[in-house]
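Trainee: This one is entry_11.tsv, TSV, C-alpha atoms.
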chain	number	residue	atom	x	y	z
A	75	MET	CA	-11.00	12.77	-20.61
A	76	SER	CA	-13.74	10.24	-19.84
A	77	LEU	CA	-14.48	7.05	-21.77
A	78	TYR	CA	-16.46	3.83	-21.37
A	79	ILE	CA	-15.09	0.29	-21.09
A	80	SER	CA	-17.25	-2.81	-20.85
A	81	LYS	CA	-16.60	-5.45	-18.19
A	82	GLU	CA	-15.88	-7.89	-21.02
A	83	ASN	CA	-12.94	-5.72	-22.08
A	84	ILE	CA	-11.39	-5.41	-18.61
A	85	PRO	CA	-9.40	-8.70	-18.88
A	86	ALA	CA	-7.89	-7.59	-22.21
A	87	PHE	CA	-7.08	-4.18	-20.71
A	88	VAL	CA	-5.32	-5.72	-17.70
A	89	LYS	CA	-3.47	-8.26	-19.84
A	90	SER	CA	-2.18	-5.49	-22.10
A	91	LEU	CA	-1.00	-3.44	-19.12
A	92	SER	CA	0.78	-6.46	-17.61
A	93	GLU	CA	3.18	-6.51	-20.55
A	94	THR	CA	4.70	-3.26	-19.29
A	95	PHE	CA	3.72	-3.11	-15.63
A	96	ASP	CA	3.55	-5.34	-12.58
A	97	ILE	CA	-0.15	-5.46	-11.76
A	98	PHE	CA	-1.67	-5.77	-8.28
A	99	PHE	CA	-5.36	-6.23	-7.59
A	100	THR	CA	-7.67	-7.23	-4.74
A	101	ASN	CA	-8.77	-10.87	-4.82
A	102	ASP	CA	-11.92	-12.41	-3.34
A	103	GLU	CA	-10.17	-12.93	0.02
A	104	LEU	CA	-9.61	-9.14	0.15
A	105	ALA	CA	-5.86	-9.53	-0.19
A	106	TYR	CA	-3.56	-7.94	-2.75
A	107	GLN	CA	-2.57	-10.39	-5.47
A	108	THR	CA	-0.05	-10.12	-8.27
A	109	TYR	CA	-1.63	-10.46	-11.70
A	110	SER	CA	-0.30	-13.23	-13.90
A	111	TYR	CA	-2.01	-13.93	-17.20
A	112	GLY	CA	-3.44	-17.43	-17.30
A	113	LYS	CA	-3.05	-17.90	-13.53
A	114	SER	CA	-4.86	-15.01	-11.84
A	115	ARG	CA	-8.54	-15.21	-11.17
A	116	LYS	CA	-10.84	-12.72	-12.78
A	117	VAL	CA	-10.09	-9.18	-11.63
A	118	ASN	CA	-13.05	-7.84	-9.65
A	119	LEU	CA	-12.89	-4.07	-9.27
A	120	ASP	CA	-16.10	-3.76	-7.24
A	121	LEU	CA	-14.89	-5.26	-3.94
A	122	ILE	CA	-14.30	-3.13	-0.84
A	123	ARG	CA	-10.78	-2.14	0.18
A	124	PRO	CA	-8.44	-5.06	0.94
A	125	VAL	CA	-7.37	-5.96	4.46
A	126	THR	CA	-3.80	-4.74	3.81
A	127	PRO	CA	-3.61	-0.94	3.57
A	128	LEU	CA	-2.34	0.72	0.40
A	129	LYS	CA	0.53	2.31	2.35
A	130	SER	CA	2.36	-1.04	2.36
A	131	PHE	CA	3.36	-0.40	-1.27
A	132	PHE	CA	4.92	2.99	-0.53
A	133	PHE	CA	5.83	3.17	3.15
A	134	VAL	CA	7.27	-0.31	3.45
A	135	ASN	CA	7.53	-2.13	6.77
A	136	TYR	CA	11.07	-3.38	7.39
A	137	GLU	CA	12.53	-1.57	4.41
A	138	LYS	CA	16.23	-1.64	3.54
A	139	LEU	CA	17.31	1.99	3.29
A	140	GLN	CA	19.24	2.02	0.07
A	141	GLN	CA	18.34	3.18	-3.41
A	142	LYS	CA	17.04	0.47	-5.69
A	143	ASP	CA	15.78	0.30	-9.23
A	144	ARG	CA	12.45	-1.39	-9.84
A	145	LYS	CA	12.56	-3.83	-12.76
A	146	LYS	CA	9.12	-2.74	-13.93
A	147	PRO	CA	6.82	0.08	-12.87
A	148	ARG	CA	3.58	-1.09	-11.30
A	149	ILE	CA	-0.14	-0.48	-11.40
A	150	ILE	CA	-2.42	-0.99	-8.42
A	151	LEU	CA	-5.99	-1.70	-9.52
A	152	GLY	CA	-9.21	-1.03	-7.66
A	153	VAL	CA	-7.89	1.37	-5.00
A	154	LYS	CA	-10.75	2.80	-2.93
A	155	SER	CA	-11.33	6.35	-1.81
A	156	CYS	CA	-10.45	5.69	1.84
A	157	ASP	CA	-6.99	4.39	0.90
A	158	LEU	CA	-6.36	7.18	-1.59
A	159	LYS	CA	-7.26	9.79	1.04
A	160	ALA	CA	-4.80	8.15	3.43
A	161	LEU	CA	-2.10	8.16	0.78
A	162	GLN	CA	-2.54	11.91	0.44
A	163	VAL	CA	-1.80	12.22	4.16
A	164	LEU	CA	1.40	10.21	3.67
A	165	ASP	CA	2.35	12.35	0.66
A	166	ARG	CA	2.23	15.44	2.83
A	167	MET	CA	4.35	13.77	5.47
A	168	PHE	CA	7.02	12.26	3.24
A	169	MET	CA	7.07	14.55	0.19
A	170	GLU	CA	5.99	18.04	1.22
A	171	GLY	CA	8.09	18.71	4.29
A	172	VAL	CA	11.49	20.32	4.66
A	173	VAL	CA	13.12	17.13	3.37
A	174	THR	CA	11.62	14.66	0.91
A	175	ASP	CA	11.85	10.96	1.74
A	176	PRO	CA	13.64	9.50	-1.33
A	177	PHE	CA	12.42	5.93	-0.77
A	178	TYR	CA	8.78	6.89	-0.47
A	179	GLU	CA	9.09	9.29	-3.38
A	180	GLN	CA	10.60	6.62	-5.63
A	181	ASN	CA	7.83	4.19	-4.75
A	182	ARG	CA	5.24	6.83	-5.66
A	183	LYS	CA	6.90	7.66	-8.97
A	184	ASP	CA	7.05	3.98	-9.94
A	185	THR	CA	3.33	3.42	-9.35
A	186	ILE	CA	0.17	4.19	-11.30
A	187	ILE	CA	-3.02	4.13	-9.25
A	188	VAL	CA	-6.28	3.00	-10.82
A	189	THR	CA	-9.08	3.67	-8.38
A	190	SER	CA	-12.64	2.38	-8.51
A	191	ASP	CA	-15.93	3.27	-6.85
A	192	CYS	CA	-17.13	1.32	-3.82
A	193	PRO	CA	-20.67	0.15	-4.68
A	194	GLU	CA	-20.98	-2.29	-1.74
A	195	PRO	CA	-19.42	-0.80	1.42
A	196	GLY	CA	-18.71	-3.14	4.31
A	197	LYS	CA	-20.32	-3.10	7.75
A	198	SER	CA	-17.32	-1.34	9.33
A	199	CYS	CA	-16.99	1.33	6.62
A	200	PHE	CA	-17.73	4.91	7.66
A	201	CYS	CA	-15.99	7.22	5.17
A	202	THR	CA	-19.02	9.52	4.94
A	203	LEU	CA	-18.86	10.18	8.69
A	204	VAL	CA	-15.44	11.79	8.29
A	205	GLY	CA	-16.35	13.93	5.30
A	206	SER	CA	-15.32	11.57	2.53
A	207	LYS	CA	-17.23	9.66	-0.14
A	208	PRO	CA	-17.30	6.04	-1.40
A	209	TYR	CA	-15.76	7.17	-4.68
A	210	CYS	CA	-12.76	9.23	-5.78
A	211	GLU	CA	-12.96	12.68	-7.33
A	212	GLU	CA	-9.27	13.55	-7.54
A	213	GLY	CA	-5.77	12.25	-6.89
A	214	PHE	CA	-6.00	9.17	-9.12
A	215	ASP	CA	-4.40	8.33	-12.45
A	216	VAL	CA	-7.57	6.63	-13.68
A	217	ASN	CA	-10.86	6.06	-11.88
A	218	LEU	CA	-13.31	3.35	-12.91
A	219	ALA	CA	-16.94	3.87	-11.91
A	220	PRO	CA	-19.25	0.86	-12.47
A	221	VAL	CA	-22.26	1.56	-14.66
A	222	ASN	CA	-24.43	-0.19	-17.22
A	223	GLY	CA	-22.38	-3.39	-17.60
A	224	GLY	CA	-19.06	-1.59	-17.63
A	225	TYR	CA	-17.15	1.36	-16.26
A	226	ILE	CA	-16.77	5.07	-16.84
A	227	ALA	CA	-13.02	5.65	-17.01
A	228	ASP	CA	-12.07	9.14	-15.80
A	229	VAL	CA	-8.49	10.15	-16.53
A	230	GLY	CA	-6.75	12.11	-13.78
A	231	SER	CA	-3.13	12.38	-14.91
A	232	GLU	CA	-0.76	12.15	-17.86
A	233	ASN	CA	0.18	8.62	-16.80
A	234	GLY	CA	-3.46	7.68	-16.76
A	235	GLU	CA	-4.02	9.17	-20.18
A	236	GLU	CA	-1.06	7.23	-21.54
A	237	ILE	CA	-2.30	3.81	-20.43
A	238	ILE	CA	-5.78	4.56	-21.78
A	239	ASN	CA	-4.42	5.75	-25.14
A	240	ARG	CA	-2.33	2.59	-25.49
A	241	ASN	CA	-5.56	0.60	-25.31
A	242	ARG	CA	-7.93	3.08	-26.95
A	243	ALA	CA	-9.61	0.35	-29.04
A	244	LEU	CA	-11.05	-1.16	-25.86
A	245	PHE	CA	-12.84	2.05	-24.92
A	246	GLY	CA	-15.90	3.81	-26.28
A	247	ASN	CA	-17.52	7.21	-25.92
A	248	LEU	CA	-20.08	8.22	-23.31
A	249	SER	CA	-23.56	9.71	-23.24
A	250	GLU	CA	-25.16	11.94	-20.62
A	251	LYS	CA	-27.47	9.04	-19.75
A	252	VAL	CA	-24.50	6.98	-18.59
A	253	TYR	CA	-23.29	9.80	-16.32
A	254	ALA	CA	-26.74	9.97	-14.76
A	255	LEU	CA	-26.62	6.22	-14.06
A	256	ARG	CA	-23.19	6.61	-12.43
A	257	ASP	CA	-24.44	9.41	-10.19
A	258	LYS	CA	-27.44	7.30	-9.20
A	259	GLN	CA	-25.15	4.40	-8.31
A	260	ARG	CA	-22.95	6.67	-6.21
A	261	GLN	CA	-25.93	8.04	-4.31
A	262	GLU	CA	-27.02	4.47	-3.62
A	263	SER	CA	-23.59	3.74	-2.12
A	264	ILE	CA	-23.96	6.76	0.15
A	265	ARG	CA	-27.43	5.55	1.17
A	266	LYS	CA	-25.98	2.15	2.09
A	267	LEU	CA	-23.33	3.82	4.22
A	268	LYS	CA	-25.99	5.84	6.03
A	269	GLU	CA	-27.86	2.62	6.76
A	270	ILE	CA	-24.68	0.88	7.98
A	271	ASN	CA	-23.90	3.82	10.26
A	272	LYS	CA	-27.42	4.78	11.35
A	273	GLU	CA	-26.39	4.14	14.96
A	274	PHE	CA	-23.76	6.85	14.55
A	275	SER	CA	-25.77	9.45	12.63
A	276	GLY	CA	-24.90	12.01	15.31
A	277	LEU	CA	-21.31	12.03	14.03
A	278	GLU	CA	-22.26	13.40	10.60
A	279	GLY	CA	-20.81	16.87	10.21
A	280	LEU	CA	-19.10	16.67	13.61
A	281	ASP	CA	-16.10	18.90	14.29
A	282	TYR	CA	-13.87	16.00	15.35
A	283	GLN	CA	-10.89	18.21	16.04
A	284	LYS	CA	-12.81	20.36	18.49
A	285	THR	CA	-14.37	17.30	20.14
A	286	VAL	CA	-11.16	15.37	20.88
A	287	ARG	CA	-9.20	18.49	21.76
A	288	GLU	CA	-11.79	19.69	24.29
A	289	LYS	CA	-12.05	16.21	25.82
A	290	TYR	CA	-8.29	15.73	26.13
A	291	SER	CA	-8.32	16.24	29.91
A	292	PHE	CA	-11.29	13.91	30.49
A	293	SER	CA	-9.05	11.16	31.83
A	294	ASP	CA	-11.91	9.09	33.24
A	295	LYS	CA	-13.50	8.78	29.78
A	296	TRP	CA	-10.25	7.78	28.10
A	297	GLN	CA	-9.50	5.26	30.85
A	298	GLU	CA	-12.95	3.72	30.46
A	299	GLU	CA	-12.72	3.45	26.67
A	300	SER	CA	-9.21	1.97	26.78
A	301	LYS	CA	-10.03	-0.83	29.24
A	302	SER	CA	-10.34	-3.49	26.56
A	303	CYS	CA	-7.20	-2.41	24.66
A	304	VAL	CA	-4.52	-5.12	24.82
A	305	GLN	CA	-1.82	-3.08	23.06
A	306	CYS	CA	-1.59	-5.54	20.17
A	307	LEU	CA	-0.74	-2.58	17.90
A	308	GLY	CA	-3.14	-3.93	15.29
A	309	CYS	CA	-4.95	-0.62	14.80
A	310	ASN	CA	-1.67	1.19	14.21
A	311	ASN	CA	-0.31	-1.31	11.73
A	312	ILE	CA	-3.54	-1.79	9.78
A	313	CYS	CA	-4.29	1.94	9.56
A	314	PRO	CA	-3.68	3.31	6.04
A	315	SER	CA	-2.44	6.69	7.27
A	316	CYS	CA	-0.22	5.86	10.28
A	317	PHE	CA	3.36	6.78	9.44
A	318	CYS	CA	5.45	6.49	12.59
A	319	PHE	CA	8.68	4.50	12.16
A	320	MET	CA	11.99	3.51	13.73
A	321	ILE	CA	15.37	3.00	12.07
A	322	SER	CA	17.89	0.38	13.14
A	323	GLU	CA	21.27	-0.71	11.90
A	324	GLU	CA	21.74	-4.45	11.73
A	325	ASP	CA	25.11	-6.10	12.32
A	326	LYS	CA	24.65	-8.70	9.59
A	327	ASP	CA	25.22	-6.20	6.78
A	328	LYS	CA	25.73	-2.83	8.51
A	329	THR	CA	22.70	-1.56	6.62
A	330	ARG	CA	19.94	0.55	8.04
A	331	TYR	CA	16.37	-0.70	8.04
A	332	ARG	CA	13.17	1.18	8.62
A	333	TYR	CA	10.20	-0.50	10.24
A	334	TRP	CA	6.79	0.65	11.37
A	335	ASP	CA	6.40	1.93	14.91
A	336	ALA	CA	3.17	2.37	16.88
A	337	CYS	CA	2.05	4.98	19.40
A	338	HIS	CA	0.24	2.29	21.43
A	339	SER	CA	3.58	0.68	22.24
A	340	THR	CA	4.80	1.23	25.80
A	341	SER	CA	8.26	2.18	24.54
A	342	TYR	CA	7.03	4.58	21.86
A	343	ALA	CA	7.43	7.79	23.91
A	344	ARG	CA	10.32	6.59	26.06
A	345	VAL	CA	13.45	8.74	25.89
A	346	ALA	CA	17.00	8.64	27.27
A	347	GLY	CA	17.06	8.09	31.01
A	348	GLY	CA	13.89	6.02	30.92
A	349	MET	CA	11.45	8.93	31.01
A	350	ASN	CA	8.15	8.34	29.26
A	351	ALA	CA	5.75	11.12	28.26
A	352	ARG	CA	2.85	8.63	28.05
A	353	PRO	CA	3.53	5.83	30.54
A	354	LYS	CA	-0.13	4.84	30.99
A	355	LEU	CA	-2.18	2.88	28.49
A	356	TYR	CA	-5.06	5.36	28.40
A	357	GLU	CA	-2.61	8.16	27.56
A	358	ARG	CA	-1.33	6.24	24.54
A	359	PHE	CA	-4.87	5.29	23.58
A	360	ARG	CA	-5.92	8.95	23.76
A	361	ASN	CA	-2.89	10.01	21.74
A	362	ARG	CA	-4.05	7.96	18.76
A	363	TYR	CA	-7.35	9.85	18.63
A	364	GLN	CA	-5.57	13.16	19.06
A	365	CYS	CA	-3.25	12.22	16.20
A	366	LYS	CA	-6.07	11.23	13.83
A	367	PHE	CA	-8.46	14.06	14.52
A	368	ASN	CA	-6.48	16.91	16.06
A	369	TYR	CA	-2.74	16.93	15.36
A	370	ARG	CA	-2.97	15.93	11.68
A	371	LYS	CA	-5.79	18.41	11.11
A	372	GLU	CA	-3.71	21.14	12.69
A	373	ASN	CA	-0.54	20.30	10.75
A	374	PHE	CA	-1.87	19.11	7.39
A	375	GLY	CA	-5.41	20.47	7.23
A	376	VAL	CA	-7.03	17.01	6.96
A	377	TYR	CA	-8.18	14.26	9.28
A	378	SER	CA	-5.97	11.21	9.03
A	379	CYS	CA	-8.85	8.86	9.76
A	380	THR	CA	-10.47	8.07	6.41
A	381	GLY	CA	-13.25	5.79	7.65
A	382	CYS	CA	-11.87	2.56	6.18
A	383	GLY	CA	-12.95	0.62	9.28
A	384	ARG	CA	-9.92	-1.67	9.36
A	385	CYS	CA	-9.13	-0.84	12.99
A	386	ILE	CA	-12.63	-1.97	13.98
A	387	GLU	CA	-12.21	-5.32	12.27
A	388	VAL	CA	-8.71	-6.06	13.58
A	389	CYS	CA	-9.26	-5.13	17.24
A	390	PRO	CA	-9.43	-8.19	19.58
A	391	GLY	CA	-10.92	-5.90	22.24
A	392	LYS	CA	-13.84	-4.99	19.94
A	393	ILE	CA	-13.05	-1.28	20.20
A	394	ASP	CA	-15.05	0.69	17.65
A	395	ILE	CA	-13.64	4.12	16.85
A	396	ARG	CA	-17.14	5.36	15.99
A	397	LYS	CA	-18.44	4.42	19.45
A	398	VAL	CA	-15.47	6.00	21.22
A	399	ILE	CA	-16.00	9.33	19.45
A	400	GLY	CA	-19.74	9.09	20.06
A	401	LYS	CA	-19.17	8.86	23.79
A	402	LEU	CA	-17.01	11.97	23.71
A	403	VAL	CA	-19.66	14.13	22.06
How does the structure come out when it is put into structure tokens?
Mentor:
Amino acid sequence: MSLYISKENIPAFVKSLSETFDIFFTNDELAYQTYSYGKSRKVNLDLIRPVTPLKSFFFVNYEKLQQKDRKKPRIILGVKSCDLKALQVLDRMFMEGVVTDPFYEQNRKDTIIVTSDCPEPGKSCFCTLVGSKPYCEEGFDVNLAPVNGGYIADVGSENGEEIINRNRALFGNLSEKVYALRDKQRQESIRKLKEINKEFSGLEGLDYQKTVREKYSFSDKWQEESKSCVQCLGCNNICPSCFCFMISEEDKDKTRYRYWDACHSTSYARVAGGMNARPKLYERFRNRYQCKFNYRKENFGVYSCTGCGRCIEVCPGKIDIRKVIGKLV
């Protein structure tokens, strides 16, 4: 089902949803904000992805490992394609293995995802270089594509259909002309991404898995590229698809907590007796690229880098993942 909603009707739509759901949206500072009628600023669905990755809602850092009931289900508005692709990687990790992670699964069940197209990609965005697009085609509950003073609302699930039907009076029907305008807008977004990444045009269509796997033993290259890495762990923590974690039991309440871990950490690969499979910085640096483009592709059939560009923005050493791969080709 596909319908049209004007931008003027978006505030009424969000207000109606907030009566049943906790609503989260991206504000002008590119941070997630809780919607509160009368207090929240106007919801802008056309911004790029926020600084905080979507995974923070589902794979929670420093999470108390005990079952809990959410007071209200929630809706996350304006999720972009790069974050949704990363969430699909996490789904395969936490929900499709031998054992399902009950905490992650509960967080997923309690959440409706409303995605939106990305009409103005940022200077660090490169989703098209890793085979993705600046808009979602599947995996969402509802997708909103900006067009002609409003949005085309594509329904992708029963939950999505339910929230649309509750507010059917706010939506209208569509014409083929509107679809054509949407497609034109999407092609313009792709053109903008090509312009942003014209320096890296050689990476389009690249077999990343083959590239990083074949260059694994090129230690001199990895050492050179890792020279400016300060092991701040920023790229690991800001990445929407990284899922490594540790579990600890704290004396204060004898409860177990899960917190994010990072493969750049010196202690990450350390085992009993003090042995470390990756004692050198360049080995840990290389492992991150192997994880994103080789190991995840081999195990899950997808790259776990979605081109969101967050790691480029957060890195104090100015390491650009696009440049590193380009030097390996």
Trainee: What would the list of residues within 12 Å of (-9.4, -5.6, -21.2) (file frame) look like as a list in words, if only C-alpha atoms are what count?
Mentor: Tyr78, Ile79, Ser80, Lys81, Glu82, Asn83, Ile84, Pro85, Ala86, Phe87, Val88, Lys89, Ser90, Leu91, Ser92, Tyr111, Lys116, Val117, Gly224, Tyr225, Ile237, Ile238, Arg240, Asn241, Arg242, Ala243, Leu244 and Phe245 of chain A
Trainee: From the set A:Gly279, A:Gly400, A:Gly308, A:Gly112, which residue has the shortest atom-to-atom contact distance to Gly205 of chain A, counting all atoms listed in the file?
Mentor: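 Comparing A:Gly279, A:Gly400, A:Gly308, A:Gly112 against Gly205 of chain A, the winner is A:Gly279.
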Trainee: From the set A:Cys303, A:Leu158, A:Val376, A:Val153, which residue has the shortest atom-to-atom contact distance to Tyr356 of chain A, counting all atoms listed in the file?
Mentor: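 Between A:Cys303, A:Leu158, A:Val376, A:Val153, the residue approaching Tyr356 of chain A most closely is A:Cys303.
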Trainee: Find, counting only C-alpha atoms, the residue in A:Leu77, A:Asp102, A:Tyr342, A:Asp184 that gets nearest to Gly246 of chain A.
Mentor: A:Leu77
Trainee: I want to know what sits within 9 Å of segment 292-301 of chain A, based on all atoms listed in the file, with residues of the same chain fewer than 6 positions away left out; could you give that as a PyMOL selection string?
Mentor: chain A and resi 355-357+359-360+391+393+398+401-402
Trainee: For the contact check between segment 152-239 of chain A and segment 249-259 of chain A, emit one row per residue of segment 152-239 of chain A within 12 Å, containing the shortest atom pair and the distance in Å rounded to one decimal, counting only C-alpha atoms, chain then rising number order, as a Markdown table.
Mentor:
| residue | atom | partner | partner_atom | distance |
| --- | --- | --- | --- | --- |
| A:Asp191 | CA | A:Gln259 | CA | 9.4 |
| A:Cys192 | CA | A:Gln259 | CA | 9.7 |
| A:Pro193 | CA | A:Gln259 | CA | 7.2 |
| A:Glu194 | CA | A:Gln259 | CA | 10.3 |
| A:Pro208 | CA | A:Gln259 | CA | 10.6 |
| A:Tyr209 | CA | A:Gln259 | CA | 10.4 |
| A:Leu218 | CA | A:Arg256 | CA | 10.4 |
| A:Ala219 | CA | A:Arg256 | CA | 6.8 |
| A:Pro220 | CA | A:Arg256 | CA | 7.0 |
| A:Val221 | CA | A:Arg256 | CA | 5.6 |
| A:Asn222 | CA | A:Val252 | CA | 7.3 |
| A:Gly223 | CA | A:Val252 | CA | 10.6 |
| A:Gly224 | CA | A:Val252 | CA | 10.2 |
| A:Tyr225 | CA | A:Arg256 | CA | 8.9 |
| A:Ile226 | CA | A:Arg256 | CA | 7.9 |
| A:Ala227 | CA | A:Tyr253 | CA | 11.1 |
| A:Asp228 | CA | A:Tyr253 | CA | 11.3 |
Trainee: Residues within 12 Å of Arg352 of chain A, please, as a VMD selection string. Count only C-alpha atoms; anything in the same chain fewer than 4 positions from it doesn't count.
Mentor: chain A and resid 337 to 345 348 356 to 362
Trainee: Between atom CA of Tyr282 of chain A and atom CA of Asn373 of chain A, what is the distance in Å, rounded to a tenth?
Mentor: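 Interatomic distance here is 14.7 Å.
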Trainee: Given all atoms listed in the file as the basis, pick out the residue of A:Phe99, A:Tyr109, A:Phe367, A:Phe177 nearest to Thr285 of chain A.
Mentor: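 Under the stated criterion, the closest residue is A:Phe367.
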